[in-house]
Structure formats: C-alpha cells, structure tokens
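Have a look at structure.pdb below; it lists PDB, C-alpha atoms.
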ATOM      1  CA  ASP A   1     -30.675  45.348 -41.880  1.00  0.00           C
ATOM      2  CA  VAL A   2     -33.313  48.005 -41.509  1.00  0.00           C
ATOM      3  CA  LYS A   3     -32.853  50.841 -43.900  1.00  0.00           C
ATOM      4  CA  VAL A   4     -34.446  54.267 -43.558  1.00  0.00           C
ATOM      5  CA  THR A   5     -33.659  56.672 -46.363  1.00  0.00           C
ATOM      6  CA  GLN A   6     -34.383  60.356 -46.698  1.00  0.00           C
ATOM      7  CA  SER A   7     -34.709  62.036 -50.072  1.00  0.00           C
ATOM      8  CA  SER A   8     -32.076  64.726 -49.534  1.00  0.00           C
ATOM      9  CA  ARG A   9     -29.076  65.224 -47.256  1.00  0.00           C
ATOM     10  CA  TYR A  10     -29.028  69.000 -47.776  1.00  0.00           C
ATOM     11  CA  LEU A  11     -31.685  71.423 -48.967  1.00  0.00           C
ATOM     12  CA  VAL A  12     -31.690  75.182 -49.452  1.00  0.00           C
ATOM     13  CA  LYS A  13     -35.067  76.853 -49.860  1.00  0.00           C
ATOM     14  CA  ARG A  14     -36.480  80.365 -49.899  1.00  0.00           C
ATOM     15  CA  THR A  15     -38.919  81.771 -47.374  1.00  0.00           C
ATOM     16  CA  GLY A  16     -42.481  81.034 -48.452  1.00  0.00           C
ATOM     17  CA  GLU A  17     -41.636  77.989 -50.571  1.00  0.00           C
ATOM     18  CA  LYS A  18     -43.480  74.721 -50.114  1.00  0.00           C
ATOM     19  CA  VAL A  19     -41.010  72.049 -49.055  1.00  0.00           C
ATOM     20  CA  PHE A  20     -41.382  68.275 -49.169  1.00  0.00           C
ATOM     21  CA  LEU A  21     -39.151  65.963 -47.162  1.00  0.00           C
ATOM     22  CA  GLU A  22     -39.512  62.296 -48.039  1.00  0.00           C
ATOM     23  CA  CYS A  23     -38.722  59.273 -45.902  1.00  0.00           C
ATOM     24  CA  VAL A  24     -38.826  55.631 -46.977  1.00  0.00           C
ATOM     25  CA  GLN A  25     -38.282  52.512 -44.859  1.00  0.00           C
ATOM     26  CA  ASP A  26     -37.859  48.988 -46.166  1.00  0.00           C
ATOM     27  CA  MET A  27     -38.761  46.874 -43.132  1.00  0.00           C
ATOM     28  CA  ASP A  28     -42.560  46.990 -43.256  1.00  0.00           C
ATOM     29  CA  HIS A  29     -42.662  49.008 -40.021  1.00  0.00           C
ATOM     30  CA  GLU A  30     -46.028  50.301 -38.898  1.00  0.00           C
ATOM     31  CA  ASN A  31     -44.754  53.369 -37.017  1.00  0.00           C
ATOM     32  CA  MET A  32     -42.979  56.303 -38.609  1.00  0.00           C
ATOM     33  CA  PHE A  33     -41.789  59.549 -37.028  1.00  0.00           C
ATOM     34  CA  TRP A  34     -40.493  62.978 -37.980  1.00  0.00           C
ATOM     35  CA  TYR A  35     -38.189  64.882 -35.617  1.00  0.00           C
ATOM     36  CA  ARG A  36     -36.260  68.082 -35.823  1.00  0.00           C
ATOM     37  CA  GLN A  37     -32.958  68.560 -34.049  1.00  0.00           C
ATOM     38  CA  ASP A  38     -31.631  71.940 -32.984  1.00  0.00           C
ATOM     39  CA  PRO A  39     -28.599  72.868 -30.871  1.00  0.00           C
ATOM     40  CA  GLY A  40     -29.592  73.333 -27.256  1.00  0.00           C
ATOM     41  CA  LEU A  41     -33.096  71.949 -27.846  1.00  0.00           C
ATOM     42  CA  GLY A  42     -32.320  68.352 -28.732  1.00  0.00           C
ATOM     43  CA  LEU A  43     -34.683  66.160 -30.759  1.00  0.00           C
ATOM     44  CA  ARG A  44     -38.316  67.168 -30.788  1.00  0.00           C
ATOM     45  CA  LEU A  45     -41.143  65.149 -32.288  1.00  0.00           C
ATOM     46  CA  ILE A  46     -43.089  66.910 -35.030  1.00  0.00           C
ATOM     47  CA  TYR A  47     -45.545  64.235 -36.198  1.00  0.00           C
ATOM     48  CA  PHE A  48     -45.862  60.481 -36.125  1.00  0.00           C
ATOM     49  CA  SER A  49     -47.940  57.884 -37.888  1.00  0.00           C
ATOM     50  CA  TYR A  50     -48.873  54.388 -36.743  1.00  0.00           C
ATOM     51  CA  ASP A  51     -50.625  53.285 -39.905  1.00  0.00           C
ATOM     52  CA  VAL A  52     -51.319  54.273 -43.483  1.00  0.00           C
ATOM     53  CA  LYS A  53     -53.341  57.488 -43.648  1.00  0.00           C
ATOM     54  CA  MET A  54     -53.098  57.868 -39.855  1.00  0.00           C
ATOM     55  CA  LYS A  55     -51.189  60.703 -38.237  1.00  0.00           C
ATOM     56  CA  GLU A  56     -50.767  62.187 -34.782  1.00  0.00           C
ATOM     57  CA  LYS A  57     -49.321  65.519 -33.746  1.00  0.00           C
ATOM     58  CA  GLY A  58     -46.122  65.489 -31.790  1.00  0.00           C
ATOM     59  CA  ASP A  59     -44.754  68.243 -29.592  1.00  0.00           C
ATOM     60  CA  ILE A  60     -44.141  70.890 -32.275  1.00  0.00           C
ATOM     61  CA  PRO A  61     -46.548  70.375 -35.227  1.00  0.00           C
ATOM     62  CA  GLU A  62     -47.134  74.055 -35.994  1.00  0.00           C
ATOM     63  CA  GLY A  63     -46.099  74.980 -39.523  1.00  0.00           C
ATOM     64  CA  TYR A  64     -45.865  71.345 -40.643  1.00  0.00           C
ATOM     65  CA  SER A  65     -48.127  68.718 -42.130  1.00  0.00           C
ATOM     66  CA  VAL A  66     -47.536  65.076 -43.054  1.00  0.00           C
ATOM     67  CA  SER A  67     -48.747  62.498 -45.500  1.00  0.00           C
ATOM     68  CA  ARG A  68     -48.679  58.718 -45.353  1.00  0.00           C
ATOM     69  CA  GLU A  69     -50.312  57.224 -48.428  1.00  0.00           C
ATOM     70  CA  LYS A  70     -48.206  54.056 -48.422  1.00  0.00           C
ATOM     71  CA  LYS A  71     -46.868  52.085 -45.499  1.00  0.00           C
ATOM     72  CA  GLU A  72     -43.223  52.544 -46.441  1.00  0.00           C
ATOM     73  CA  ARG A  73     -43.326  56.284 -47.116  1.00  0.00           C
ATOM     74  CA  PHE A  74     -43.869  59.198 -44.728  1.00  0.00           C
ATOM     75  CA  SER A  75     -43.630  62.747 -46.020  1.00  0.00           C
ATOM     76  CA  LEU A  76     -43.129  65.950 -44.064  1.00  0.00           C
ATOM     77  CA  ILE A  77     -44.476  69.103 -45.665  1.00  0.00           C
ATOM     78  CA  LEU A  78     -43.600  72.668 -44.856  1.00  0.00           C
ATOM     79  CA  GLU A  79     -46.516  74.573 -46.373  1.00  0.00           C
ATOM     80  CA  SER A  80     -44.714  77.929 -46.365  1.00  0.00           C
ATOM     81  CA  ALA A  81     -41.124  77.646 -45.228  1.00  0.00           C
ATOM     82  CA  SER A  82     -39.837  80.161 -42.712  1.00  0.00           C
ATOM     83  CA  THR A  83     -36.331  80.878 -41.474  1.00  0.00           C
ATOM     84  CA  ASN A  84     -37.135  79.404 -38.043  1.00  0.00           C
ATOM     85  CA  GLN A  85     -37.634  76.052 -39.764  1.00  0.00           C
ATOM     86  CA  THR A  86     -33.953  75.890 -40.606  1.00  0.00           C
ATOM     87  CA  SER A  87     -32.926  72.700 -38.858  1.00  0.00           C
ATOM     88  CA  MET A  88     -31.843  69.082 -39.114  1.00  0.00           C
ATOM     89  CA  TYR A  89     -34.817  66.829 -39.845  1.00  0.00           C
ATOM     90  CA  LEU A  90     -34.689  63.171 -38.877  1.00  0.00           C
ATOM     91  CA  CYS A  91     -37.085  60.429 -39.876  1.00  0.00           C
ATOM     92  CA  ALA A  92     -37.455  57.172 -37.936  1.00  0.00           C
ATOM     93  CA  SER A  93     -39.485  53.989 -38.069  1.00  0.00           C
ATOM     94  CA  SER A  94     -40.319  51.151 -35.695  1.00  0.00           C
ATOM     95  CA  ARG A  95     -42.582  48.163 -35.273  1.00  0.00           C
ATOM     96  CA  ARG A  96     -46.072  48.739 -33.916  1.00  0.00           C
ATOM     97  CA  THR A  97     -45.444  47.344 -30.456  1.00  0.00           C
ATOM     98  CA  GLY A  98     -43.298  50.230 -29.306  1.00  0.00           C
ATOM     99  CA  SER A  99     -41.113  47.818 -27.366  1.00  0.00           C
ATOM    100  CA  GLU A 100     -38.489  47.816 -30.076  1.00  0.00           C
ATOM    101  CA  THR A 101     -36.042  50.471 -31.081  1.00  0.00           C
ATOM    102  CA  GLN A 102     -36.592  53.207 -33.600  1.00  0.00           C
ATOM    103  CA  TYR A 103     -34.409  53.163 -36.685  1.00  0.00           C
ATOM    104  CA  PHE A 104     -33.288  56.530 -37.966  1.00  0.00           C
ATOM    105  CA  GLY A 105     -32.497  57.884 -41.402  1.00  0.00           C
ATOM    106  CA  PRO A 106     -29.346  59.936 -42.100  1.00  0.00           C
ATOM    107  CA  GLY A 107     -31.141  63.267 -41.720  1.00  0.00           C
ATOM    108  CA  THR A 108     -31.875  66.230 -43.978  1.00  0.00           C
ATOM    109  CA  ARG A 109     -30.235  69.526 -43.161  1.00  0.00           C
ATOM    110  CA  LEU A 110     -32.610  72.253 -44.333  1.00  0.00           C
ATOM    111  CA  LEU A 111     -31.599  75.880 -44.703  1.00  0.00           C
ATOM    112  CA  VAL A 112     -34.379  78.403 -45.294  1.00  0.00           C
ATOM    113  CA  LEU A 113     -33.147  81.762 -46.571  1.00  0.00           C
TER     114      LEU A 113
ATOM    115  CA  LYS B 114     -44.518  66.035 -18.207  1.00  0.00           C
ATOM    116  CA  GLN B 115     -41.621  63.660 -18.738  1.00  0.00           C
ATOM    117  CA  GLU B 116     -38.215  65.344 -18.871  1.00  0.00           C
ATOM    118  CA  VAL B 117     -34.939  63.636 -19.669  1.00  0.00           C
ATOM    119  CA  THR B 118     -31.614  65.106 -18.566  1.00  0.00           C
ATOM    120  CA  GLN B 119     -28.105  64.026 -19.475  1.00  0.00           C
ATOM    121  CA  ILE B 120     -25.051  65.017 -17.522  1.00  0.00           C
ATOM    122  CA  PRO B 121     -22.401  65.997 -18.407  1.00  0.00           C
ATOM    123  CA  ALA B 122     -23.120  67.798 -21.670  1.00  0.00           C
ATOM    124  CA  ALA B 123     -19.569  67.142 -22.844  1.00  0.00           C
ATOM    125  CA  LEU B 124     -16.771  64.860 -21.755  1.00  0.00           C
ATOM    126  CA  SER B 125     -13.176  64.470 -22.884  1.00  0.00           C
ATOM    127  CA  VAL B 126     -11.129  61.454 -21.800  1.00  0.00           C
ATOM    128  CA  PRO B 127      -7.840  59.809 -22.818  1.00  0.00           C
ATOM    129  CA  GLU B 128      -7.967  56.599 -24.781  1.00  0.00           C
ATOM    130  CA  GLY B 129      -8.309  53.444 -22.680  1.00  0.00           C
ATOM    131  CA  GLU B 130     -10.265  55.040 -19.865  1.00  0.00           C
ATOM    132  CA  ASN B 131     -13.519  53.545 -18.592  1.00  0.00           C
ATOM    133  CA  LEU B 132     -16.319  56.077 -18.422  1.00  0.00           C
ATOM    134  CA  VAL B 133     -19.931  56.532 -17.374  1.00  0.00           C
ATOM    135  CA  LEU B 134     -22.598  58.654 -19.012  1.00  0.00           C
ATOM    136  CA  ASN B 135     -25.649  59.582 -16.975  1.00  0.00           C
ATOM    137  CA  CYS B 136     -29.311  59.946 -17.857  1.00  0.00           C
ATOM    138  CA  SER B 137     -32.154  60.881 -15.528  1.00  0.00           C
ATOM    139  CA  PHE B 138     -35.896  61.076 -16.125  1.00  0.00           C
ATOM    140  CA  THR B 139     -38.658  62.604 -14.055  1.00  0.00           C
ATOM    141  CA  ASP B 140     -41.476  60.070 -14.479  1.00  0.00           C
ATOM    142  CA  SER B 141     -40.725  56.435 -13.675  1.00  0.00           C
ATOM    143  CA  ALA B 142     -43.718  55.169 -15.685  1.00  0.00           C
ATOM    144  CA  ILE B 143     -41.715  54.286 -18.761  1.00  0.00           C
ATOM    145  CA  TYR B 144     -41.995  51.392 -21.164  1.00  0.00           C
ATOM    146  CA  ASN B 145     -38.288  51.186 -21.944  1.00  0.00           C
ATOM    147  CA  LEU B 146     -35.164  53.306 -22.216  1.00  0.00           C
ATOM    148  CA  GLN B 147     -32.826  53.442 -25.171  1.00  0.00           C
ATOM    149  CA  TRP B 148     -29.312  54.686 -25.742  1.00  0.00           C
ATOM    150  CA  PHE B 149     -28.344  56.019 -29.158  1.00  0.00           C
ATOM    151  CA  ARG B 150     -25.130  57.206 -30.742  1.00  0.00           C
ATOM    152  CA  GLN B 151     -24.970  60.102 -33.195  1.00  0.00           C
ATOM    153  CA  ASP B 152     -21.940  61.005 -35.272  1.00  0.00           C
ATOM    154  CA  PRO B 153     -21.643  64.634 -36.452  1.00  0.00           C
ATOM    155  CA  GLY B 154     -24.162  65.467 -39.165  1.00  0.00           C
ATOM    156  CA  LYS B 155     -25.575  61.947 -39.183  1.00  0.00           C
ATOM    157  CA  GLY B 156     -28.644  60.103 -37.991  1.00  0.00           C
ATOM    158  CA  LEU B 157     -28.967  58.113 -34.778  1.00  0.00           C
ATOM    159  CA  THR B 158     -27.800  54.544 -34.295  1.00  0.00           C
ATOM    160  CA  SER B 159     -29.389  52.406 -31.608  1.00  0.00           C
ATOM    161  CA  LEU B 160     -26.893  51.027 -29.080  1.00  0.00           C
ATOM    162  CA  LEU B 161     -28.916  49.413 -26.310  1.00  0.00           C
ATOM    163  CA  LEU B 162     -32.549  49.098 -25.312  1.00  0.00           C
ATOM    164  CA  ILE B 163     -33.569  48.234 -21.739  1.00  0.00           C
ATOM    165  CA  GLN B 164     -37.128  47.180 -21.094  1.00  0.00           C
ATOM    166  CA  SER B 165     -38.741  48.532 -17.915  1.00  0.00           C
ATOM    167  CA  SER B 166     -38.580  45.080 -16.330  1.00  0.00           C
ATOM    168  CA  GLN B 167     -34.832  44.767 -16.918  1.00  0.00           C
ATOM    169  CA  ARG B 168     -31.942  46.128 -14.891  1.00  0.00           C
ATOM    170  CA  GLU B 169     -29.205  46.162 -17.516  1.00  0.00           C
ATOM    171  CA  GLN B 170     -28.163  45.313 -21.029  1.00  0.00           C
ATOM    172  CA  THR B 171     -24.723  44.656 -22.466  1.00  0.00           C
ATOM    173  CA  SER B 172     -23.278  44.844 -25.954  1.00  0.00           C
ATOM    174  CA  GLY B 173     -19.543  44.437 -26.346  1.00  0.00           C
ATOM    175  CA  ARG B 174     -17.793  47.183 -24.387  1.00  0.00           C
ATOM    176  CA  LEU B 175     -21.091  48.890 -23.584  1.00  0.00           C
ATOM    177  CA  ASN B 176     -23.246  48.257 -20.545  1.00  0.00           C
ATOM    178  CA  ALA B 177     -26.429  50.158 -19.779  1.00  0.00           C
ATOM    179  CA  SER B 178     -28.250  50.025 -16.468  1.00  0.00           C
ATOM    180  CA  LEU B 179     -31.721  51.142 -15.509  1.00  0.00           C
ATOM    181  CA  ASP B 180     -33.106  52.071 -12.089  1.00  0.00           C
ATOM    182  CA  LYS B 181     -36.718  53.025 -12.676  1.00  0.00           C
ATOM    183  CA  SER B 182     -37.486  53.858  -9.087  1.00  0.00           C
ATOM    184  CA  SER B 183     -34.797  56.532  -8.933  1.00  0.00           C
ATOM    185  CA  GLY B 184     -35.316  57.642 -12.533  1.00  0.00           C
ATOM    186  CA  ARG B 185     -31.749  56.950 -13.623  1.00  0.00           C
ATOM    187  CA  SER B 186     -29.828  55.139 -16.300  1.00  0.00           C
ATOM    188  CA  THR B 187     -26.117  54.917 -16.928  1.00  0.00           C
ATOM    189  CA  LEU B 188     -24.142  53.947 -20.002  1.00  0.00           C
ATOM    190  CA  TYR B 189     -20.783  52.438 -19.145  1.00  0.00           C
ATOM    191  CA  ILE B 190     -18.112  52.359 -21.853  1.00  0.00           C
ATOM    192  CA  ALA B 191     -15.116  50.178 -21.128  1.00  0.00           C
ATOM    193  CA  ALA B 192     -11.633  50.779 -22.517  1.00  0.00           C
ATOM    194  CA  SER B 193     -12.669  53.794 -24.565  1.00  0.00           C
ATOM    195  CA  GLN B 194     -11.291  54.272 -28.095  1.00  0.00           C
ATOM    196  CA  PRO B 195     -11.069  57.321 -30.383  1.00  0.00           C
ATOM    197  CA  GLY B 196     -13.772  55.728 -32.525  1.00  0.00           C
ATOM    198  CA  ASP B 197     -16.154  56.069 -29.588  1.00  0.00           C
ATOM    199  CA  SER B 198     -16.097  59.851 -30.052  1.00  0.00           C
ATOM    200  CA  ALA B 199     -19.691  60.882 -30.767  1.00  0.00           C
ATOM    201  CA  THR B 200     -22.790  62.256 -29.090  1.00  0.00           C
ATOM    202  CA  TYR B 201     -24.681  59.782 -26.931  1.00  0.00           C
ATOM    203  CA  LEU B 202     -28.404  60.259 -26.450  1.00  0.00           C
ATOM    204  CA  CYS B 203     -30.761  58.533 -24.095  1.00  0.00           C
ATOM    205  CA  ALA B 204     -34.489  58.374 -24.715  1.00  0.00           C
ATOM    206  CA  VAL B 205     -37.429  57.074 -22.709  1.00  0.00           C
ATOM    207  CA  ASN B 206     -40.330  55.353 -24.391  1.00  0.00           C
ATOM    208  CA  LEU B 207     -43.729  56.504 -23.176  1.00  0.00           C
ATOM    209  CA  ALA B 208     -45.473  53.800 -25.214  1.00  0.00           C
ATOM    210  CA  MET B 209     -48.623  55.799 -25.736  1.00  0.00           C
ATOM    211  CA  GLY B 210     -50.929  53.292 -27.375  1.00  0.00           C
ATOM    212  CA  ASN B 211     -48.844  51.473 -29.949  1.00  0.00           C
ATOM    213  CA  THR B 212     -46.688  54.328 -31.085  1.00  0.00           C
ATOM    214  CA  GLY B 213     -43.651  54.124 -28.806  1.00  0.00           C
ATOM    215  CA  LYS B 214     -43.196  57.880 -28.560  1.00  0.00           C
ATOM    216  CA  LEU B 215     -39.661  58.762 -27.410  1.00  0.00           C
ATOM    217  CA  ILE B 216     -38.574  61.660 -25.215  1.00  0.00           C
ATOM    218  CA  PHE B 217     -34.890  62.464 -25.713  1.00  0.00           C
ATOM    219  CA  GLY B 218     -32.235  63.963 -23.518  1.00  0.00           C
ATOM    220  CA  GLN B 219     -29.975  66.581 -25.041  1.00  0.00           C
ATOM    221  CA  GLY B 220     -27.026  64.256 -25.222  1.00  0.00           C
ATOM    222  CA  THR B 221     -23.474  63.952 -23.972  1.00  0.00           C
ATOM    223  CA  THR B 222     -20.757  64.722 -26.500  1.00  0.00           C
ATOM    224  CA  LEU B 223     -17.803  62.434 -25.901  1.00  0.00           C
ATOM    225  CA  GLN B 224     -14.284  63.000 -27.164  1.00  0.00           C
ATOM    226  CA  VAL B 225     -11.736  60.226 -26.705  1.00  0.00           C
ATOM    227  CA  LYS B 226      -8.212  61.475 -27.262  1.00  0.00           C
ATOM    228  CA  PRO B 227      -5.543  59.130 -28.669  1.00  0.00           C
TER     229      PRO B 227
END
Rewritten as structure tokens:
Amino acid sequence: DVKVTQSSRYLVKRTGEKVFLECVQDMDHENMFWYRQDPGLGLRLIYFSYDVKMKEKGDIPEGYSVSREKKERFSLILESASTNQTSMYLCASSRRTGSETQYFGPGTRLLVL
Amino acid sequence: KQEVTQIPAALSVPEGENLVLNCSFTDSAIYNLQWFRQDPGKGLTSLLLIQSSQREQTSGRLNASLDKSSGRSTLYIAASQPGDSATYLCAVNLAMGNTGKLIFGQGTTLQVKP
C-alpha cells in the first residue's frame, strides 16, 4: 500500500513565524503535490514537483515556497506565516505518467494566530 | 480555464437507497477523471479513476460514468450504508506534461441515515 505521511496533524503558530510542513511518501513516486483546503473554496494547488529539485507553481503559490532535496520528501515552507494561511494542508504523490491516481496524506490543520 | 462543479453540495438519504452524485466540467480535453472520498478532518482516498477513453468504472457498490462530450460524470452508489457518509470529490486530470495536475470540484457531502 502507498503511504503518504505528513509531519504533523495539528499545528499552532504565531503570525510572522517560519513554518515547515513535511511530507514523505514511500512508493518512489516522481510527482508530489501540496494543496490547501478551505470551506467554500475546495482544494487548491499550491506547488508541485515532478522530480528532485524541480518545482512548479500551482494556482496559489504566493506566500509559500517548497523544497524537494530527496525523491521521497517534499516540504512546504511558509516564510512568514499570516492568519490567512490558516487552513488544512494536504500533500499527495503520484507516478510520473499522470494517468494514475494521486495518493493523499492525512492532512495538517494549521492555525496561525 | 477548467472549472469543475458538483451538485448537490449536500445530500441526506435513508439507508438502503441508491443514489447518484453529479460532476460537470467545462473543458472536455481531460486526461482522466477521478472520484475521491474524504472523511471529516482526514485526507482523500481514491475511489475510482476513469481514463478519457473509458465510459465507466466499477468497484463494489460504486459505479462511475464519464461522458466527455457533455462534460459530465456521475458516481452511482448502490444500497447506501451509514458508513458511506462522507464528502465525495471529483477531480479532472489536465495532464500537463507529466505532472497530472488535478482540478477539484467542491464536493458533495453525503449523509446516510440508519
């Protein structure tokens, strides 16, 4: 079974803090994704990566950056957290072809005070 | 720009009923369409994936259909059970390059009453 894990289920941070969200997958998938999910707005793609050290902006990259130093790990970074980044963050991975499904982690619920 | 719409936003049915969830998309140039299930506060679980060349896929009590030309997909759930209560999301795969970027609908929240 594919397993996608996220470093934290819940996080509480202060405005202005630097926040790291970690995602690890164990199936040697090439593609990895970061989404945020908000009521009324659904899932929106923040960044994705199709290879080590490669990254592409999604629909809402502002205020975020990412890092992919190893194939299995994809990190989302909030350089200076703001209250409007309070959300549920979901990581996913898939094979390179794109014809297969994405596998999702359990999510990290982030509260920025 | 591709947009994905799911109707209804919420649905409540008695146990044992057969039901249909609807998904529509504005651009028929898709690579595939996927249905996911999400339990409250959890991640997404893949239910069915239909390639653009296929018309339907089945898994147990679930059947998903795809009509690319009309921009529609349906998820049929037979003999619904309380354990089916969850939010169901459809997503279309734009397959930009090799990345398989997904565009999601906002979901239908299903409640199955015992």
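Take CA of Val126 in chain B and CA of Leu188 in chain B: the distance between them is 15.1 Å.
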Review point. Counting only C-alpha atoms, which residues of chain B come no farther than 9 Å from chain A, as a ChimeraX atom specification?
Key: /B:144-145,147,154-159,161-162,164,206-220
Exercise for review: Could you tell me which of B:Lys226, B:Thr187, B:Trp148, B:Gln119 comes closest to Val205 in chain B if we count all atoms listed in the file?
Suggested key: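 Going through B:Lys226, B:Thr187, B:Trp148, B:Gln119 one by one, the smallest distance to Val205 in chain B is for B:Trp148.
Taken over the whole file, the PyMOL selection byres ((chain A and resi 65) around 12) covers exactly Lys18, Val19, Phe20, Leu21, Trp34, Ile46, Tyr47, Phe48, Ser49, Lys55, Glu56, Lys57, Gly58, Ile60, Pro61, Glu62, Gly63, Tyr64, Val66, Ser67, Arg68, Phe74, Ser75, Leu76, Ile77, Leu78, Glu79, Ser80 and Ala81 of chain A.
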Keeping only C-alpha atoms, take the residues you just selected and write them out as a short mmCIF file (atom, residue, chain, number, x, y, z; two decimals), in the coordinates of the input.
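Contents of out.cif, as written:
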data_model
loop_
_atom_site.label_atom_id
_atom_site.label_comp_id
_atom_site.auth_asym_id
_atom_site.auth_seq_id
_atom_site.Cartn_x
_atom_site.Cartn_y
_atom_site.Cartn_z
CA LYS A 18 -43.48 74.72 -50.11
CA VAL A 19 -41.01 72.05 -49.06
CA PHE A 20 -41.38 68.28 -49.17
CA LEU A 21 -39.15 65.96 -47.16
CA TRP A 34 -40.49 62.98 -37.98
CA ILE A 46 -43.09 66.91 -35.03
CA TYR A 47 -45.54 64.24 -36.20
CA PHE A 48 -45.86 60.48 -36.12
CA SER A 49 -47.94 57.88 -37.89
CA LYS A 55 -51.19 60.70 -38.24
CA GLU A 56 -50.77 62.19 -34.78
CA LYS A 57 -49.32 65.52 -33.75
CA GLY A 58 -46.12 65.49 -31.79
CA ILE A 60 -44.14 70.89 -32.28
CA PRO A 61 -46.55 70.38 -35.23
CA GLU A 62 -47.13 74.06 -35.99
CA GLY A 63 -46.10 74.98 -39.52
CA TYR A 64 -45.86 71.34 -40.64
CA VAL A 66 -47.54 65.08 -43.05
CA SER A 67 -48.75 62.50 -45.50
CA ARG A 68 -48.68 58.72 -45.35
CA PHE A 74 -43.87 59.20 -44.73
CA SER A 75 -43.63 62.75 -46.02
CA LEU A 76 -43.13 65.95 -44.06
CA ILE A 77 -44.48 69.10 -45.66
CA LEU A 78 -43.60 72.67 -44.86
CA GLU A 79 -46.52 74.57 -46.37
CA SER A 80 -44.71 77.93 -46.36
CA ALA A 81 -41.12 77.65 -45.23
#
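Interatomic distance, CA of Ala123 in chain B against CA of Thr200 in chain B: 8.6 Å.
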Point to revise | Near-Gly184 in chain B list (7 Å; only C-alpha atoms; drop same-chain fewer than 3 positions) as a list in words | key: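 What passes the distance filter is Ser137, Phe138, Thr139, Asp140, Ser141, Asp180 and Lys181 of chain B.
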Exercise for review: Find the distance between CA of Cys203 in chain B and CA of Thr5 in chain A and write it in Å to one decimal.
Suggested key: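 Computed distance, CA of Cys203 in chain B to CA of Thr5 in chain A, equals 22.5 Å.
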Revision key, fill the gap. Judged by all atoms listed in the file, the minimum distance to Asp26 in chain A among A:Val112, A:Ser82, A:Ser93, A:Glu72 is found for A:Glu72
Assuming the chain letters and numbering stay as they are in my file, what does the PyMOL selection byres ((chain B and resi 121) around 9) actually select? List them as a PDB file with C-alpha atoms, keeping the file's coordinate frame.
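Saved file expr.pdb follows:
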ATOM      1  CA  GLN B 119     -28.105  64.026 -19.475  1.00  0.00           C
ATOM      2  CA  ILE B 120     -25.051  65.017 -17.522  1.00  0.00           C
ATOM      3  CA  ALA B 122     -23.120  67.798 -21.670  1.00  0.00           C
ATOM      4  CA  ALA B 123     -19.569  67.142 -22.844  1.00  0.00           C
ATOM      5  CA  LEU B 124     -16.771  64.860 -21.755  1.00  0.00           C
ATOM      6  CA  LEU B 134     -22.598  58.654 -19.012  1.00  0.00           C
ATOM      7  CA  ASN B 135     -25.649  59.582 -16.975  1.00  0.00           C
ATOM      8  CA  GLY B 220     -27.026  64.256 -25.222  1.00  0.00           C
ATOM      9  CA  THR B 221     -23.474  63.952 -23.972  1.00  0.00           C
ATOM     10  CA  THR B 222     -20.757  64.722 -26.500  1.00  0.00           C
TER      11      THR B 222
END
Exercise for review: Step by step, work through what the PyMOL selection byres ((chain B and resi 167) around 9) selects in the shown file, and finish by giving those residues as a VMD selection string.
Suggested key: chain B and resid 145 163 to 166 168 to 170 178 to 180
Exercise for review: Point out the residue among B:Val225, B:Leu160, B:Ile190, B:Ile143 with the least atom-to-atom distance to Leu202 in chain B, counting all atoms listed in the file.
Suggested key: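 Ranked by minimum distance to Leu202 in chain B, first place goes to B:Leu160.
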Practice item. Rank A:Lys3, A:Thr86, A:Leu110, A:Lys53 by their smallest atom-to-atom distance to Gln25 in chain A, using all atoms listed in the file, and report the top residue only. Key: A:Lys3
